[in-house]
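Asker: Shown below is the structure under consideration.
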Amino acid sequence: MKSIIIAIFCFFLFSTIAHAEENVDDDIEKINLFKQMEFITSVPWYYLAAINRYEKNIRKQEEDRLIHIEVPPEKWFGFAPNNEDSLSLSLELFNGLGRDGDGNNKAELDSDLDVLYSISNYLQRYGHTEEDMKAALWNYYHRELSVLSIVNYATMIKKYHTLTFDQTAFPIPKGYNYSYKNTWGDARGFGGRRIHEGTDIFASYGTPVRATTFGVVELKGWNRFGGWRIGIRDMYNRYHYYAHLNGFADGIKVGDIVEAGQVIGSVGSSGYGPPGTAGKFPPHLHYGMYKDDGKNEWSFDPFPYLKKWERAQ
Ligand SMILES: [Zn+2]
């Protein structure tokens with residue numbers, strides 16, 4: 001088994017070096033690597049890709065590495081008394097998940113192949129169905145949002161067979177009248193002392209509302225403040241919140257993948273009361289954006305993004 005792993009990685013390394021000057025698409029290179037790992041460990045490649053994407057999202061710095069997964073030392077080394085001891089066999093003994101993937105007999109945190117192989121090896125112990133993956137991810141992250149995000153990313157990566165989901169759209173299609181200004185942080189009249197976390201885009205009842213990015217529907221339904229609203233998580237640990245809708249696009253449901261520009265509902269004035277309440281304010285789309293760093297989730301100002309997407313349409 002060991003020699004197979006080394007042979008595959010050698011092949012991978014050589015093909016990487018050979019193609020380096022040809023500026024080969026980074027995604028293809030990564031997908032190939034994840035597929036080779038699937039071949040060795042039976043862990044579906046799109047889960048490996050999804051974890052890598054998620055971990056890249058929660059890191060502050062863009063590192064020039066293929067693998068962005070940072071395994072905490074306590075997980076990597078287990079209860080090995082000496083963290084310098086990176087011999088892969090001894091880590092197994094001490095319940096650390098660090099393994100040797102590049103064939104130098106050491107399990108090193110700064111080796112892409114060691115990290116990827118170690119994570120695959122860890123996941124493999126749980127099985128390879130979606131439920132197995134969820135269990136493995138829960139035991140690794142102990143955080144529901146992390147598990148949910150990674151499972152959603154895996155679904156998207158599997159469907160589109162790519163790692164890049166950069167397409168964007170302004171929420172209101174061209175040809176419809178609308179207006180908006182920067183209202184970030186304004187006080188609002190209902191619901192106590194909360195500040196306004198988002199941008200209001202005023203438009204007529206029934207104006208189509210589009211998803212601004214690719215993503216997975218995470219929430220759909222009624223909320224006392226937001227009325228009929230829908231929440232979509234994109235590939236970059238960002239959550240997009242569309243509120244006060246008149247209604248939803250036919251058939252759209254939690255767990256669905258949506259594409260940038262896909263109509264998800266229409267502008268309304270729902271909210272500020274029990275289900276069905278509408279007309280307490282002029283019709284508008286409330287659009288909010290939230291970012292998750294793997295520990296906390298917070299709202300940030302969507303206005304500059306809206307301006308950018310508007311210019312591009
Ligand atoms: Zn609003």
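Here's how to read the names in the structure tokens: chain A, B, ... by the order shown, residue numbers from 1 in each chain, ligand numbers from 1 in the order shown.
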Go through chain A and flag each residue having an atom no more than 12 Å from ligand 1; for those, report the closest pair of atoms plus their distance in Å to one decimal, using only C-alpha atoms and all ligand atoms, ordered by chain and rising number, as a tab-separated table.
Answerer:
residue	atom	partner	partner_atom_place_in_ligand_line	distance
A:Tyr180	CA	ligand 1	1 (Zn)	10.4
A:Lys181	CA	ligand 1	1 (Zn)	11.0
A:Asn182	CA	ligand 1	1 (Zn)	10.6
A:Thr183	CA	ligand 1	1 (Zn)	8.3
A:Trp184	CA	ligand 1	1 (Zn)	9.0
A:Gly185	CA	ligand 1	1 (Zn)	10.2
A:Asp186	CA	ligand 1	1 (Zn)	9.5
A:Ala187	CA	ligand 1	1 (Zn)	10.4
A:Arg188	CA	ligand 1	1 (Zn)	8.6
A:Gly189	CA	ligand 1	1 (Zn)	11.1
A:Phe190	CA	ligand 1	1 (Zn)	11.2
A:Arg194	CA	ligand 1	1 (Zn)	11.5
A:Ile195	CA	ligand 1	1 (Zn)	9.8
A:His196	CA	ligand 1	1 (Zn)	6.3
A:Glu197	CA	ligand 1	1 (Zn)	7.0
A:Gly198	CA	ligand 1	1 (Zn)	5.7
A:Thr199	CA	ligand 1	1 (Zn)	5.5
A:Asp200	CA	ligand 1	1 (Zn)	4.5
A:Ile201	CA	ligand 1	1 (Zn)	8.0
A:Phe202	CA	ligand 1	1 (Zn)	9.7
A:Phe225	CA	ligand 1	1 (Zn)	9.7
A:Gly226	CA	ligand 1	1 (Zn)	8.4
A:Gly227	CA	ligand 1	1 (Zn)	11.2
A:Arg229	CA	ligand 1	1 (Zn)	11.7
A:Tyr241	CA	ligand 1	1 (Zn)	10.2
A:Tyr242	CA	ligand 1	1 (Zn)	9.2
A:Ala243	CA	ligand 1	1 (Zn)	7.7
A:His244	CA	ligand 1	1 (Zn)	8.4
A:Leu245	CA	ligand 1	1 (Zn)	11.5
A:Gly268	CA	ligand 1	1 (Zn)	12.0
A:Ser269	CA	ligand 1	1 (Zn)	10.6
A:Ser270	CA	ligand 1	1 (Zn)	11.6
A:Gly271	CA	ligand 1	1 (Zn)	11.0
A:Tyr272	CA	ligand 1	1 (Zn)	11.7
A:Phe281	CA	ligand 1	1 (Zn)	10.7
A:Pro282	CA	ligand 1	1 (Zn)	11.1
A:Pro283	CA	ligand 1	1 (Zn)	10.6
A:His284	CA	ligand 1	1 (Zn)	7.9
A:Leu285	CA	ligand 1	1 (Zn)	7.0
A:His286	CA	ligand 1	1 (Zn)	4.0
A:Tyr287	CA	ligand 1	1 (Zn)	6.6
A:Gly288	CA	ligand 1	1 (Zn)	7.8
A:Met289	CA	ligand 1	1 (Zn)	11.5
A:Asp301	CA	ligand 1	1 (Zn)	11.7
A:Pro302	CA	ligand 1	1 (Zn)	11.3
A:Phe303	CA	ligand 1	1 (Zn)	11.8
Asker: With only C-alpha atoms as the counted atoms, please give the residues lying no more than 12 Å from Tyr236 in chain A, apart from itself and same-chain residues fewer than 4 positions off, as number ranges by chain.
Answerer: A: 50-59, 149-150, 152-153, 163-166, 213-216, 232, 240, 289-294
Asker: Dump C-alpha atoms for the selected residues as a PDB file, in the first residue's frame?
Answerer:
ATOM      1  CA  ALA A  50     -14.945  20.955   0.513  1.00  0.00           C
ATOM      2  CA  ILE A  51     -12.856  20.744   3.689  1.00  0.00           C
ATOM      3  CA  ASN A  52      -9.965  22.399   1.885  1.00  0.00           C
ATOM      4  CA  ARG A  53     -12.275  25.193   0.679  1.00  0.00           C
ATOM      5  CA  TYR A  54     -13.742  25.692   4.141  1.00  0.00           C
ATOM      6  CA  GLU A  55     -10.335  25.820   5.793  1.00  0.00           C
ATOM      7  CA  LYS A  56      -9.066  28.273   3.201  1.00  0.00           C
ATOM      8  CA  ASN A  57     -12.069  30.496   3.999  1.00  0.00           C
ATOM      9  CA  ILE A  58     -11.293  30.662   7.715  1.00  0.00           C
ATOM     10  CA  ARG A  59      -7.582  31.486   7.308  1.00  0.00           C
ATOM     11  CA  SER A 149     -20.937  24.448   5.401  1.00  0.00           C
ATOM     12  CA  ILE A 150     -18.592  21.639   4.398  1.00  0.00           C
ATOM     13  CA  ASN A 152     -23.012  22.067   1.372  1.00  0.00           C
ATOM     14  CA  TYR A 153     -19.690  22.787  -0.333  1.00  0.00           C
ATOM     15  CA  LEU A 163     -13.689  24.546  -7.022  1.00  0.00           C
ATOM     16  CA  THR A 164     -14.315  28.118  -8.116  1.00  0.00           C
ATOM     17  CA  PHE A 165     -17.726  29.753  -7.821  1.00  0.00           C
ATOM     18  CA  ASP A 166     -16.929  33.388  -8.519  1.00  0.00           C
ATOM     19  CA  THR A 213     -23.849  34.178  -5.714  1.00  0.00           C
ATOM     20  CA  PHE A 214     -23.828  30.422  -6.057  1.00  0.00           C
ATOM     21  CA  GLY A 215     -24.813  28.740  -2.826  1.00  0.00           C
ATOM     22  CA  VAL A 216     -27.067  26.392  -0.911  1.00  0.00           C
ATOM     23  CA  ILE A 232     -28.180  31.202   1.193  1.00  0.00           C
ATOM     24  CA  HIS A 240     -26.757  35.987   2.168  1.00  0.00           C
ATOM     25  CA  MET A 289     -24.375  39.574   4.319  1.00  0.00           C
ATOM     26  CA  TYR A 290     -22.703  37.594   7.095  1.00  0.00           C
ATOM     27  CA  LYS A 291     -19.240  36.096   7.385  1.00  0.00           C
ATOM     28  CA  ASP A 292     -18.173  33.035   9.356  1.00  0.00           C
ATOM     29  CA  ASP A 293     -14.543  32.643  10.436  1.00  0.00           C
ATOM     30  CA  GLY A 294     -14.953  29.166  11.886  1.00  0.00           C
TER      31      GLY A 294
END
Asker: Considering only C-alpha atoms, return as a list in words whatever protein or nucleic-acid residues lie within 9 Å of Thr168 in chain A, sequence-local ones (same chain, fewer than 5 positions apart) excluded.
Answerer: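 Contacts, with the query itself left out: Ala211, Thr212, Thr213, Phe214, Glu259, Ala260, Gly261, Trp309 and Ala312 of chain A.
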Asker: Write out as a PyMOL selection string each polymer residue whose atoms come within 7 Å of Thr41 in chain A, counting only C-alpha atoms; drop sequence neighbours fewer than 6 positions from it.
Answerer: chain A and resi 120-121+124
Asker: Skip range 91-105 of chain A itself and residues of its chain fewer than 5 positions away, then list as a VMD selection string all residues within 6 Å of it, counting only C-alpha atoms.
Answerer: chain A and resid 6 75 to 80 113 to 114 117 to 118
Asker: For the residues in the current selection, export C-alpha atoms as a PDB file, in the first residue's frame.
Answerer:
ATOM      1  CA  ILE A   6       4.390   7.084  -2.888  1.00  0.00           C
ATOM      2  CA  LYS A  75      -5.032  16.481  16.943  1.00  0.00           C
ATOM      3  CA  TRP A  76      -1.980  15.813  14.809  1.00  0.00           C
ATOM      4  CA  PHE A  77       0.329  14.567  17.553  1.00  0.00           C
ATOM      5  CA  GLY A  78      -2.310  13.056  19.889  1.00  0.00           C
ATOM      6  CA  PHE A  79      -0.886  12.520  23.348  1.00  0.00           C
ATOM      7  CA  ALA A  80       2.623  11.964  22.077  1.00  0.00           C
ATOM      8  CA  LEU A 113       0.563  15.572   1.067  1.00  0.00           C
ATOM      9  CA  ASP A 114       0.993  14.536   4.697  1.00  0.00           C
ATOM     10  CA  TYR A 117      -3.451  11.980   3.450  1.00  0.00           C
ATOM     11  CA  SER A 118      -3.859  12.283   7.233  1.00  0.00           C
TER      12      SER A 118
END
